[in-house]
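Data file: structure_5.cif. Format and content: mmCIF, C-alpha atoms and all ligand atoms.
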data_coords
loop_
_atom_site.label_atom_id
_atom_site.label_comp_id
_atom_site.auth_asym_id
_atom_site.auth_seq_id
_atom_site.Cartn_x
_atom_site.Cartn_y
_atom_site.Cartn_z
CA MET A 1 87.93 95.25 106.41
CA PRO A 2 84.21 94.75 105.52
CA SER A 3 82.26 97.96 105.03
CA SER A 4 78.50 98.54 105.13
CA ARG A 5 78.82 101.47 102.67
CA PRO A 6 79.02 101.00 98.92
CA ALA A 7 82.46 101.62 97.45
CA ALA A 8 82.89 105.16 96.07
CA PRO A 9 83.05 105.36 92.28
CA ILE A 10 86.63 105.71 91.12
CA VAL A 11 85.91 108.35 88.47
CA PRO A 12 83.41 110.98 89.67
CA ALA A 13 80.61 112.00 87.31
CA ALA A 14 80.79 115.37 85.53
CA GLY A 15 79.19 118.03 87.74
CA ASP A 16 80.38 116.32 90.94
CA PRO A 17 82.87 118.74 92.56
CA ARG A 18 85.20 115.78 92.95
CA ALA A 19 85.48 115.77 89.14
CA SER A 20 86.88 119.31 89.04
CA LEU A 21 89.15 118.55 92.01
CA ARG A 22 90.41 115.42 90.28
CA ALA A 23 90.98 117.34 87.03
CA HIS A 24 92.85 120.05 88.93
CA ALA A 25 95.14 117.44 90.52
CA GLU A 26 95.72 115.72 87.19
CA ASP A 27 96.58 119.03 85.48
CA LYS A 28 99.04 120.00 88.20
CA LEU A 29 100.69 116.57 88.14
CA ALA A 30 101.00 116.67 84.35
CA ASP A 31 102.64 120.09 84.61
CA LEU A 32 105.13 118.81 87.21
CA ALA A 33 105.92 115.79 85.04
CA ALA A 34 106.47 118.00 81.98
CA ARG A 35 109.08 119.94 83.96
CA ASP A 36 110.77 116.78 85.35
CA ARG A 37 109.62 117.84 88.82
CA ARG A 38 107.06 115.20 89.63
CA ARG A 39 108.06 113.25 92.71
CA LEU A 40 107.24 109.62 93.24
CA ALA A 41 107.10 107.75 96.51
CA VAL A 42 109.07 104.55 96.07
CA GLU A 43 108.53 101.74 98.55
CA THR A 44 111.84 101.20 100.30
CA ARG A 45 112.53 98.87 103.20
CA ALA A 46 115.38 99.58 105.62
CA LEU A 47 117.26 96.41 106.57
CA ASP A 48 119.73 98.22 108.81
CA ALA A 49 121.18 101.73 109.19
CA VAL A 50 122.69 101.74 105.70
CA THR A 51 121.07 98.93 103.71
CA VAL A 52 117.69 99.16 102.02
CA THR A 53 115.75 97.09 99.52
CA ARG A 54 113.95 98.88 96.73
CA GLY A 55 112.34 97.25 93.71
CA GLY A 56 113.74 93.89 94.86
CA ARG A 57 117.35 95.19 94.93
CA ARG A 58 119.64 95.73 97.89
CA LEU A 59 121.15 99.22 97.95
CA VAL A 60 123.55 101.07 100.22
CA ASN A 61 121.67 104.11 101.49
CA VAL A 62 123.58 107.39 101.12
CA SER A 63 120.48 109.56 101.16
CA SER A 64 119.33 109.30 104.77
CA ASN A 65 119.68 111.87 107.56
CA ASP A 66 120.11 109.12 110.14
CA TYR A 67 123.70 110.38 110.31
CA LEU A 68 124.76 108.29 113.27
CA GLY A 69 122.87 105.11 112.40
CA LEU A 70 120.92 105.48 115.64
CA ALA A 71 117.50 104.70 114.16
CA HIS A 72 118.74 101.10 114.05
CA ASP A 73 120.86 101.09 117.19
CA PRO A 74 119.75 98.26 119.52
CA ARG A 75 119.91 100.59 122.56
CA VAL A 76 117.62 103.14 120.91
CA ILE A 77 115.23 100.48 119.64
CA ALA A 78 115.05 98.87 123.10
CA ALA A 79 114.23 102.23 124.70
CA ALA A 80 111.41 102.84 122.20
CA GLN A 81 110.07 99.30 122.63
CA ALA A 82 110.07 99.57 126.41
CA ALA A 83 108.29 102.94 126.32
CA ALA A 84 105.64 101.69 123.89
CA ALA A 85 105.07 98.58 125.99
CA ALA A 86 104.81 100.59 129.19
CA HIS A 87 102.88 103.64 127.99
CA GLY A 88 101.17 102.73 124.70
CA THR A 89 101.86 103.89 121.18
CA GLY A 90 100.29 107.34 121.14
CA ALA A 91 100.05 110.38 123.41
CA GLY A 92 96.28 110.49 122.96
CA ALA A 93 95.85 114.28 122.72
CA SER A 94 97.63 117.59 123.02
CA ARG A 95 99.94 117.71 126.01
CA LEU A 96 97.87 120.56 127.41
CA ILE A 97 94.90 118.19 127.51
CA THR A 98 96.25 114.79 128.56
CA GLY A 99 99.14 116.11 130.62
CA GLU A 100 102.88 115.85 130.36
CA HIS A 101 104.35 112.43 129.78
CA PRO A 102 107.36 111.73 132.05
CA GLU A 103 109.44 110.57 129.03
CA VAL A 104 108.81 113.91 127.30
CA VAL A 105 109.52 115.94 130.44
CA ALA A 106 112.80 114.06 130.92
CA LEU A 107 113.73 114.52 127.26
CA GLU A 108 113.17 118.27 127.50
CA ALA A 109 115.35 118.52 130.59
CA GLU A 110 118.11 116.50 128.90
CA LEU A 111 117.97 118.53 125.69
CA ALA A 112 118.17 121.78 127.66
CA ALA A 113 121.16 120.48 129.65
CA PHE A 114 122.91 119.27 126.49
CA LYS A 115 122.44 122.62 124.76
CA GLY A 116 123.27 124.64 127.88
CA ALA A 117 119.83 126.26 127.97
CA GLU A 118 117.35 126.90 130.79
CA ALA A 119 114.54 124.92 129.22
CA ALA A 120 113.34 123.11 126.10
CA LEU A 121 110.04 122.36 124.40
CA VAL A 122 109.42 119.36 122.18
CA PHE A 123 107.04 119.41 119.19
CA SER A 124 105.67 116.60 117.02
CA SER A 125 108.14 117.43 114.22
CA GLY A 126 110.83 119.91 113.35
CA TYR A 127 108.58 121.39 110.69
CA ALA A 128 105.79 121.92 113.22
CA ALA A 129 108.28 123.43 115.66
CA ASN A 130 109.38 126.16 113.27
CA LEU A 131 105.86 126.99 112.14
CA GLY A 132 104.81 127.33 115.77
CA ILE A 133 107.85 129.16 117.14
CA VAL A 134 108.11 131.82 114.43
CA SER A 135 104.39 132.55 114.26
CA ALA A 136 104.14 132.73 118.05
CA LEU A 137 107.02 135.16 118.45
CA ALA A 138 106.36 137.48 115.49
CA GLY A 139 103.23 139.25 114.30
CA ARG A 140 102.09 142.01 112.00
CA SER A 141 104.14 144.83 113.54
CA ASP A 142 107.34 142.80 113.50
CA LEU A 143 110.26 142.21 111.17
CA ILE A 144 111.76 138.89 110.09
CA VAL A 145 115.14 138.75 108.37
CA ILE A 146 115.83 135.27 107.00
CA ASP A 147 118.56 133.51 105.02
CA ASP A 148 117.43 133.01 101.44
CA LEU A 149 118.24 129.28 101.60
CA ALA A 150 116.78 128.63 105.05
CA HIS A 151 114.56 125.56 105.29
CA ASN A 152 111.03 125.80 103.94
CA CYS A 153 109.49 125.53 107.44
CA LEU A 154 111.25 128.72 108.56
CA HIS A 155 110.03 130.55 105.46
CA MET A 156 106.50 129.23 106.00
CA GLY A 157 106.59 130.17 109.68
CA ALA A 158 107.65 133.67 108.68
CA ARG A 159 104.80 133.90 106.19
CA LEU A 160 102.28 132.56 108.73
CA SER A 161 103.37 135.16 111.29
CA GLY A 162 102.18 138.08 109.14
CA ALA A 163 105.43 139.96 109.90
CA THR A 164 107.31 141.91 107.24
CA VAL A 165 109.87 139.49 105.79
CA HIS A 166 113.20 140.31 104.13
CA ARG A 167 115.56 137.63 102.81
CA PHE A 168 119.31 138.08 103.12
CA ALA A 169 121.78 136.63 100.63
CA HIS A 170 122.81 133.15 101.70
CA ASN A 171 125.25 133.17 104.63
CA ASP A 172 125.89 136.90 104.17
CA ALA A 173 125.89 138.41 107.68
CA ALA A 174 126.67 141.88 106.24
CA CYS A 175 123.52 141.68 104.13
CA ALA A 176 121.50 140.68 107.23
CA HIS A 177 123.02 143.66 109.04
CA ASP A 178 122.05 146.05 106.20
CA LEU A 179 118.46 144.81 106.18
CA LEU A 180 118.14 145.20 109.93
CA ALA A 181 119.75 148.64 109.80
CA ARG A 182 117.24 149.70 107.15
CA HIS A 183 114.04 148.18 108.56
CA ARG A 184 114.49 147.53 112.29
CA SER A 185 113.37 150.92 113.62
CA GLY A 186 109.88 150.62 112.12
CA ALA A 187 109.27 147.24 113.74
CA ARG A 188 108.26 146.30 117.28
CA HIS A 189 110.31 143.09 117.43
CA ALA A 190 112.73 141.47 115.00
CA LEU A 191 113.65 137.84 114.39
CA LEU A 192 116.79 136.71 112.54
CA LEU A 193 116.37 133.20 111.10
CA THR A 194 118.90 130.77 109.68
CA ASP A 195 119.72 127.09 109.40
CA GLY A 196 122.85 126.04 111.29
CA VAL A 197 123.81 123.47 108.64
CA PHE A 198 122.00 123.92 105.33
CA SER A 199 120.23 120.73 104.39
CA MET A 200 120.82 120.78 100.63
CA ASP A 201 124.30 122.38 100.49
CA GLY A 202 125.81 121.06 103.69
CA ASP A 203 127.49 124.39 104.45
CA ARG A 204 127.31 126.03 107.87
CA ALA A 205 125.89 129.43 108.76
CA PRO A 206 128.25 132.06 110.21
CA VAL A 207 126.42 131.76 113.52
CA ALA A 208 128.83 133.88 115.59
CA ALA A 209 128.67 136.75 113.05
CA LEU A 210 124.88 136.51 112.87
CA ALA A 211 124.69 136.56 116.66
CA ARG A 212 126.68 139.81 116.67
CA VAL A 213 124.39 141.30 114.01
CA ALA A 214 121.33 140.23 115.99
CA ALA A 215 122.71 141.73 119.20
CA ALA A 216 123.46 145.04 117.46
CA HIS A 217 119.81 145.36 116.39
CA ASP A 218 117.98 143.70 119.28
CA ALA A 219 116.88 140.90 116.99
CA TRP A 220 116.12 137.39 118.26
CA LEU A 221 118.35 134.84 116.53
CA LEU A 222 116.86 131.43 115.77
CA VAL A 223 119.25 128.76 114.50
CA ASP A 224 117.64 125.66 113.02
CA ASP A 225 120.21 122.98 113.69
CA ALA A 226 118.30 120.04 112.27
CA HIS A 227 121.44 118.90 110.42
CA GLY A 228 123.99 120.00 113.01
CA LEU A 229 122.93 118.30 116.23
CA GLY A 230 124.90 115.09 116.67
CA VAL A 231 127.29 115.72 113.80
CA VAL A 232 129.10 119.05 114.12
CA ALA A 233 131.03 120.52 117.07
CA ALA A 234 131.40 117.04 118.62
CA GLY A 235 127.66 116.59 118.32
CA HIS A 236 126.68 119.83 120.04
CA GLY A 237 125.59 121.52 116.82
CA ALA A 238 126.42 124.50 114.65
CA GLY A 239 125.51 127.24 117.12
CA GLU A 240 127.94 125.94 119.76
CA GLY A 241 129.68 128.77 121.62
CA ALA A 242 127.56 131.58 120.11
CA CYS A 243 124.72 133.43 121.79
CA VAL A 244 121.65 131.78 120.25
CA PRO A 245 118.49 132.57 122.24
CA LEU A 246 116.38 130.18 120.13
CA ALA A 247 118.29 126.94 119.47
CA MET A 248 115.94 124.81 117.41
CA GLY A 249 116.51 121.33 116.04
CA THR A 250 114.94 117.99 115.28
CA LEU A 251 114.90 114.57 116.85
CA SER A 252 114.38 112.96 113.46
CA LYS A 253 117.83 113.10 111.90
CA ALA A 254 120.99 112.30 113.90
CA LEU A 255 118.87 111.22 116.88
CA GLY A 256 117.06 108.67 114.71
CA SER A 257 113.63 109.37 116.21
CA GLN A 258 110.78 111.76 115.39
CA GLY A 259 109.93 115.25 116.64
CA GLY A 260 111.35 118.75 116.92
CA TYR A 261 112.59 120.91 119.78
CA VAL A 262 113.61 124.38 120.79
CA CYS A 263 115.93 125.34 123.66
CA ALA A 264 115.55 128.82 125.16
CA ASP A 265 115.14 130.76 128.40
CA ARG A 266 112.33 129.44 130.60
CA PRO A 267 109.85 132.32 130.08
CA VAL A 268 110.29 131.98 126.30
CA ILE A 269 109.55 128.26 126.53
CA GLU A 270 106.50 128.98 128.69
CA LEU A 271 105.27 131.53 126.16
CA LEU A 272 105.68 128.98 123.35
CA ARG A 273 103.89 126.34 125.42
CA ASN A 274 100.96 128.78 125.55
CA ARG A 275 101.11 130.36 122.10
CA ALA A 276 102.79 128.08 119.56
CA ARG A 277 99.74 126.78 117.72
CA SER A 278 101.47 123.67 116.35
CA PHE A 279 102.14 122.75 119.98
CA VAL A 280 98.82 123.75 121.57
CA TYR A 281 96.57 122.22 118.92
CA SER A 282 98.54 119.09 118.06
CA THR A 283 98.86 115.68 119.70
CA GLY A 284 101.93 115.30 121.90
CA LEU A 285 104.98 113.35 120.87
CA ALA A 286 104.55 109.57 121.24
CA PRO A 287 106.30 108.27 124.39
CA ALA A 288 108.34 105.83 122.27
CA SER A 289 109.70 108.69 120.15
CA ALA A 290 110.70 110.60 123.28
CA ALA A 291 112.36 107.53 124.77
CA ALA A 292 114.24 106.82 121.53
CA ALA A 293 115.47 110.42 121.38
CA ARG A 294 116.63 110.23 125.01
CA ALA A 295 118.63 107.07 124.36
CA ALA A 296 120.12 108.60 121.21
CA LEU A 297 121.04 111.85 122.95
CA ALA A 298 122.87 109.87 125.63
CA ILE A 299 124.87 108.12 122.89
CA VAL A 300 125.69 111.46 121.23
CA ALA A 301 126.97 112.78 124.56
CA ALA A 302 129.03 109.66 125.26
CA GLU A 303 130.48 108.90 121.81
CA PRO A 304 132.07 111.97 120.21
CA GLU A 305 134.08 109.76 117.83
CA ARG A 306 130.81 108.48 116.36
CA CYS A 307 129.66 112.11 115.91
CA ALA A 308 132.87 112.99 114.04
CA ARG A 309 132.74 110.08 111.58
CA PRO A 310 130.00 111.27 109.14
CA GLN A 311 131.82 114.51 108.30
CA ALA A 312 135.17 112.71 108.11
CA LEU A 313 133.65 110.29 105.59
CA ALA A 314 132.18 113.19 103.60
CA ALA A 315 135.64 114.78 103.53
CA ARG A 316 137.11 111.52 102.19
CA VAL A 317 134.55 111.39 99.37
CA ALA A 318 134.92 115.10 98.57
CA GLU A 319 138.69 114.83 98.32
CA ALA A 320 138.46 111.84 96.00
CA LEU A 321 136.03 113.69 93.74
CA ASP A 322 137.83 117.04 93.83
CA LEU A 323 134.94 118.74 95.58
CA PRO A 324 135.37 121.48 98.20
CA ALA A 325 135.99 120.17 101.74
CA PRO A 326 132.57 119.74 103.37
CA ASP A 327 131.37 121.50 106.53
CA SER A 328 129.05 118.65 107.48
CA PRO A 329 128.11 115.11 106.36
CA VAL A 330 126.07 116.51 103.44
CA LEU A 331 127.73 116.51 100.04
CA PRO A 332 125.93 118.20 97.14
CA ILE A 333 126.96 117.23 93.61
CA VAL A 334 125.31 119.97 91.58
CA LEU A 335 124.37 118.88 88.06
CA GLY A 336 122.07 121.68 86.89
CA ALA A 337 119.06 120.32 85.03
CA GLU A 338 116.39 118.23 86.70
CA GLN A 339 116.82 115.36 84.23
CA ALA A 340 120.60 115.27 84.77
CA ALA A 341 120.05 114.78 88.50
CA LEU A 342 117.45 112.06 87.88
CA ASP A 343 119.82 110.30 85.46
CA ALA A 344 122.62 110.48 88.02
CA GLN A 345 120.39 108.98 90.70
CA ALA A 346 119.47 106.12 88.36
CA ALA A 347 123.11 105.55 87.39
CA LEU A 348 124.15 105.49 91.06
CA GLU A 349 121.35 103.08 91.85
CA ALA A 350 122.53 100.79 89.06
CA ARG A 351 125.83 100.63 90.95
CA GLY A 352 124.14 99.69 94.21
CA TYR A 353 123.84 103.07 95.99
CA LEU A 354 120.73 105.06 96.86
CA GLY A 355 121.63 108.76 96.61
CA VAL A 356 118.76 111.06 95.97
CA ALA A 357 118.22 113.61 93.17
CA VAL A 358 117.05 116.92 94.64
CA ARG A 359 115.23 119.25 92.28
CA PRO A 360 113.57 122.68 92.44
CA PRO A 361 111.70 124.01 94.32
CA THR A 362 113.70 122.30 97.09
CA VAL A 363 116.83 123.87 95.54
CA PRO A 364 117.05 126.96 93.30
CA PRO A 365 116.30 126.50 89.58
CA GLY A 366 119.31 125.29 87.59
CA THR A 367 120.94 123.65 90.61
CA ALA A 368 119.36 120.18 90.65
CA ARG A 369 121.79 117.83 92.32
CA LEU A 370 122.63 114.54 93.86
CA ARG A 371 122.52 114.98 97.61
CA ILE A 372 124.83 112.49 99.28
CA SER A 373 124.72 112.19 103.06
CA LEU A 374 127.23 110.07 104.90
CA SER A 375 126.34 107.96 107.91
CA ALA A 376 128.70 106.89 110.67
CA ALA A 377 127.33 103.39 110.10
CA LEU A 378 128.87 103.13 106.60
CA SER A 379 131.87 100.81 106.46
CA ASP A 380 135.14 102.00 104.92
CA ALA A 381 134.59 99.49 102.09
CA ALA A 382 131.13 100.93 101.38
CA VAL A 383 132.62 104.43 101.21
CA ALA A 384 135.36 103.25 98.83
CA GLY A 385 132.67 101.70 96.64
CA LEU A 386 130.69 104.93 96.77
CA ILE A 387 133.70 106.90 95.57
CA ASP A 388 134.12 104.55 92.58
CA ALA A 389 130.41 104.70 91.81
CA LEU A 390 130.26 108.51 92.02
CA ARG A 391 133.34 108.87 89.81
CA ALA A 392 131.68 106.73 87.15
CA VAL A 393 128.33 108.53 87.47
CA VAL A 394 129.87 111.98 87.25
CA ALA A 395 131.86 110.92 84.16
CA GLU A 396 128.72 109.48 82.58
CA THR A 397 126.48 112.44 83.28
CA GLY A 398 129.12 114.78 81.88
CA ARG A 399 129.73 117.01 84.86
C1 LIG A 401 116.81 122.44 108.22
C2 LIG A 401 115.58 121.65 108.52
N1 LIG A 401 114.73 122.13 109.43
C3 LIG A 401 113.61 121.47 109.77
C4 LIG A 401 113.28 120.28 109.16
C5 LIG A 401 112.03 119.59 109.53
O1 LIG A 401 112.29 118.64 110.52
P1 LIG A 401 111.38 117.35 110.67
O2 LIG A 401 111.80 116.40 109.59
O3 LIG A 401 111.67 116.87 112.04
O4 LIG A 401 109.98 117.81 110.48
C6 LIG A 401 114.14 119.74 108.21
C7 LIG A 401 113.80 118.45 107.57
O5 LIG A 401 114.08 118.16 106.48
C8 LIG A 401 115.32 120.44 107.88
O6 LIG A 401 116.15 119.97 106.96
#

For this file, produce the structure as structure tokens.
Amino acid sequence: MPSSRPAAPIVPAAGDPRASLRAHAEDKLADLAARDRRRLAVETRALDAVTVTRGGRRLVNVSSNDYLGLAHDPRVIAAAQAAAAAHGTGAGASRLITGEHPEVVALEAELAAFKGAEAALVFSSGYAANLGIVSALAGRSDLIVIDDLAHNCLHMGARLSGATVHRFAHNDAACAHDLLARHRSGARHALLLTDGVFSMDGDRAPVAALARVAAAHDAWLLVDDAHGLGVVAAGHGAGEGACVPLAMGTLSKALGSQGGYVCADRPVIELLRNRARSFVYSTGLAPASAAAARAALAIVAAEPERCARPQALAARVAEALDLPAPDSPVLPIVLGAEQAALDAQAALEARGYLGVAVRPPTVPPGTARLRISLSAALSDAAVAGLIDALRAVVAETGR
């Protein structure tokens, strides 16, 4: 596009603050590269739910969280297209400014019904949801007890809240109990935070035990079920059957759309509508994203066999590779060093599969891994090929 302003110089002159900013960025990037932790964005085009092209090659995608293949389902696409055509591509402003879009209102009602809650609130992403929920419900006089391996957005929400934060050992409800027993009495309110399915390990939280711990200490349990909705408990998610007053999740994984949500009692939702800053001060979800999520949620409710397939495929791969039986569609193959995980990703790619290397700080130091996630859309032949490829890669990388 033509511009009336001269192009900015690419390298700022010494003394220009951009020069020190640029030098700072270059130093940090060099440090990340030296530790094999620099991340690169690689252009990748999705051809369908499980096929991508990258660097001119076709690859089978076993790194996506589109667990049910719904981001490419014709019914979901048609719903998004119709909503965009009817209502435009963007919400225009915060929902408190431009008003509630009927697609979003309907989505919230359907999410609440699906999760057996009084009400739901939708945010622009799962990350934004957790930042907003945790910092709205906890403040300086409060206590937050959080699983050590909970997702970064829960940890950041806890930090933003200003509450006193204690981490409990991963999935250790007794440890959470001890921390609450020790620190609860000095705090006004307490929040207990966990993922339902852990994104990098694929294991499930002991939600029922945590709910009992929370009840014993009047703590508010939040379960982030970003990786559980649509794929565990016949699609209902990891907290199914337990008392979870804050059932959070995302629209961007099994539902194949974009956005985050929380289901809770109506006054809690109304409080969040008023006080969650990532809701109040952020543009509402695009109508097309809400419509896509609605169509996907209807498929989840109607097709439990589709919801069961990703974990069944993960179990097939785990058995073939002598790995522990998985709790979800996520299969970690822990390799240790950053470079080992990068080598494994490259070796897998050479065999036609895109499985991503996950390195610290996303996972603890010394536990870099290949994270394989199985989609219901994978054919049995593609899964058989994946097993062969992973066997060869694991042998090559010396695990
Ligand atoms: C456990 C968990 N919670 C929240 C999020 C954030 O959700 P979103 O991608 O919708 O921002 C993620 C995404 O990776 C996640 O894995």

Quiz item: Would you name the residues within 6 Å of ligand LIG 401 (chain A), counting all atoms listed in the file, and put them as a ChimeraX atom specification?
Solution: /A:125-127,151,195,199,224,226,250,252,259-260

Place a sphere of radius 7 Å on (119.3, 113.1, 114.1) in the file coordinates and name every protein, DNA or RNA residue with an atom inside or on its surface, counting all atoms listed in the file; give the answer as a compact mmCIF listing (two decimals) with C-alpha atoms, in the coordinates of the input.
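Below you can see selection-v7.txt, which holds the result:
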# COMPACT_ATOMS: atom_id res chain seq x y z
CA ASN A 65 119.68 111.87 107.56
CA ASP A 66 120.11 109.12 110.14
CA TYR A 67 123.70 110.38 110.31
CA LEU A 229 122.93 118.30 116.23
CA GLY A 230 124.90 115.09 116.67
CA THR A 250 114.94 117.99 115.28
CA LEU A 251 114.90 114.57 116.85
CA SER A 252 114.38 112.96 113.46
CA LYS A 253 117.83 113.10 111.90
CA ALA A 254 120.99 112.30 113.90
CA LEU A 255 118.87 111.22 116.88
CA GLY A 256 117.06 108.67 114.71

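Between Thr53 in chain A and the residues A:Tyr353, A:Leu335, A:Ala169, A:His227, the shortest atom-to-atom distance, using all atoms listed in the file, involves A:Tyr353.
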
Quiz item: Using only C-alpha atoms, which of A:Glu103, A:Phe279, A:Leu70, A:Arg57 sits nearest Ala84 in chain A?
Solution: A:Glu103

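Using all atoms listed in the file, the residues found no farther than 9 Å from Glu338 in chain A, other than those of its own chain fewer than 5 positions away, are Arg35, Asp36, Arg37, Asp343, Ala357, Val358, Arg359, Pro360, Pro365, Gly366, Thr367, Ala368 and Arg369 of chain A.
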
With C-alpha atoms retained, export the selected residues as a PDB file, keeping the file's coordinate frame.
ATOM      1  CA  ARG A  35     109.080 119.940  83.960  1.00  0.00           C
ATOM      2  CA  ASP A  36     110.770 116.780  85.350  1.00  0.00           C
ATOM      3  CA  ARG A  37     109.620 117.840  88.820  1.00  0.00           C
ATOM      4  CA  ASP A 343     119.820 110.300  85.460  1.00  0.00           C
ATOM      5  CA  ALA A 357     118.220 113.610  93.170  1.00  0.00           C
ATOM      6  CA  VAL A 358     117.050 116.920  94.640  1.00  0.00           C
ATOM      7  CA  ARG A 359     115.230 119.250  92.280  1.00  0.00           C
ATOM      8  CA  PRO A 360     113.570 122.680  92.440  1.00  0.00           C
ATOM      9  CA  PRO A 365     116.300 126.500  89.580  1.00  0.00           C
ATOM     10  CA  GLY A 366     119.310 125.290  87.590  1.00  0.00           C
ATOM     11  CA  THR A 367     120.940 123.650  90.610  1.00  0.00           C
ATOM     12  CA  ALA A 368     119.360 120.180  90.650  1.00  0.00           C
ATOM     13  CA  ARG A 369     121.790 117.830  92.320  1.00  0.00           C
TER      14      ARG A 369
END

Quiz item: Excluding same-chain residues fewer than 6 positions from Leu193 in chain A, what lies within 8 Å of it counting only C-alpha atoms, as a list in words?
Solution: Ile144, Val145, Ile146, Asp147, Ala150, Leu154, Leu221, Leu222, Val223 and Asp224 of chain A

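For the atom pair formed by CA of Arg371 in chain A and CA of Val330 in chain A, the distance is 7.0 Å, given to one decimal.
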
Quiz item: Can you find the residues with an atom no farther than 9 Å from (132.8, 113.5, 93.4), counting all atoms listed in the file, and report them as a PyMOL selection string?
Solution: chain A and resi 317-323+331+333+387+390-391+393-394

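Distances here use all atoms listed in the file; by that measure, the residue among A:Thr283, A:Gln339, A:Ser373, A:Thr397 closest to His101 in chain A is A:Thr283.
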
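You can rank A:Arg45, A:Arg204, A:His189, A:Arg18 by their closest distance to Asp142 in chain A using only C-alpha atoms, and at the top of that list sits A:His189.
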
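Among the candidates A:Ile77, A:Ala13, A:Ala30, A:Leu179, the residue lying nearest to Ala292 in chain A is A:Ile77 (atoms considered: all atoms listed in the file).
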
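The nearest approach to Gly196 in chain A among the residues A:Glu26, A:Glu43, A:Asp380, A:Glu240, with all atoms listed in the file taken into account, belongs to A:Glu240.
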
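For the pair CA of Ser64 in chain A and CA of Leu370 in chain A, the interatomic distance is 12.5 Å.
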
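Our summary of the geometry notes that CA of Gly55 in chain A is positioned 17.7 Å from CA of Ala344 in chain A.
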
Practice problem: Using all atoms listed in the file, determine which residues lie at most 10 Å from Leu121 in chain A, disregarding the query and same-chain residues fewer than 6 positions distant; provide the list as number ranges by chain. | Solution: A: 104-105, 107-109, 111-112, 129, 248, 260-264, 266, 268-270, 272-273, 279

Given the selection you just returned, output its residues as a file containing C-alpha atoms, formatted as an mmCIF file, in the coordinates of the input.
data_model
loop_
_atom_site.group_PDB
_atom_site.id
_atom_site.type_symbol
_atom_site.label_atom_id
_atom_site.label_comp_id
_atom_site.auth_asym_id
_atom_site.auth_seq_id
_atom_site.Cartn_x
_atom_site.Cartn_y
_atom_site.Cartn_z
ATOM 1 C CA VAL A 104 108.810 113.910 127.300
ATOM 2 C CA VAL A 105 109.520 115.940 130.440
ATOM 3 C CA LEU A 107 113.730 114.520 127.260
ATOM 4 C CA GLU A 108 113.170 118.270 127.500
ATOM 5 C CA ALA A 109 115.350 118.520 130.590
ATOM 6 C CA LEU A 111 117.970 118.530 125.690
ATOM 7 C CA ALA A 112 118.170 121.780 127.660
ATOM 8 C CA ALA A 129 108.280 123.430 115.660
ATOM 9 C CA MET A 248 115.940 124.810 117.410
ATOM 10 C CA GLY A 260 111.350 118.750 116.920
ATOM 11 C CA TYR A 261 112.590 120.910 119.780
ATOM 12 C CA VAL A 262 113.610 124.380 120.790
ATOM 13 C CA CYS A 263 115.930 125.340 123.660
ATOM 14 C CA ALA A 264 115.550 128.820 125.160
ATOM 15 C CA ARG A 266 112.330 129.440 130.600
ATOM 16 C CA VAL A 268 110.290 131.980 126.300
ATOM 17 C CA ILE A 269 109.550 128.260 126.530
ATOM 18 C CA GLU A 270 106.500 128.980 128.690
ATOM 19 C CA LEU A 272 105.680 128.980 123.350
ATOM 20 C CA ARG A 273 103.890 126.340 125.420
ATOM 21 C CA PHE A 279 102.140 122.750 119.980
#

Quiz item: Could you pull the residues within 12 Å of Cys175 in chain A, counting only C-alpha atoms, minus those fewer than 4 positions along the same chain, as a ChimeraX atom specification?
Solution: /A:145-148,166-171,179-182,192,209-210,213
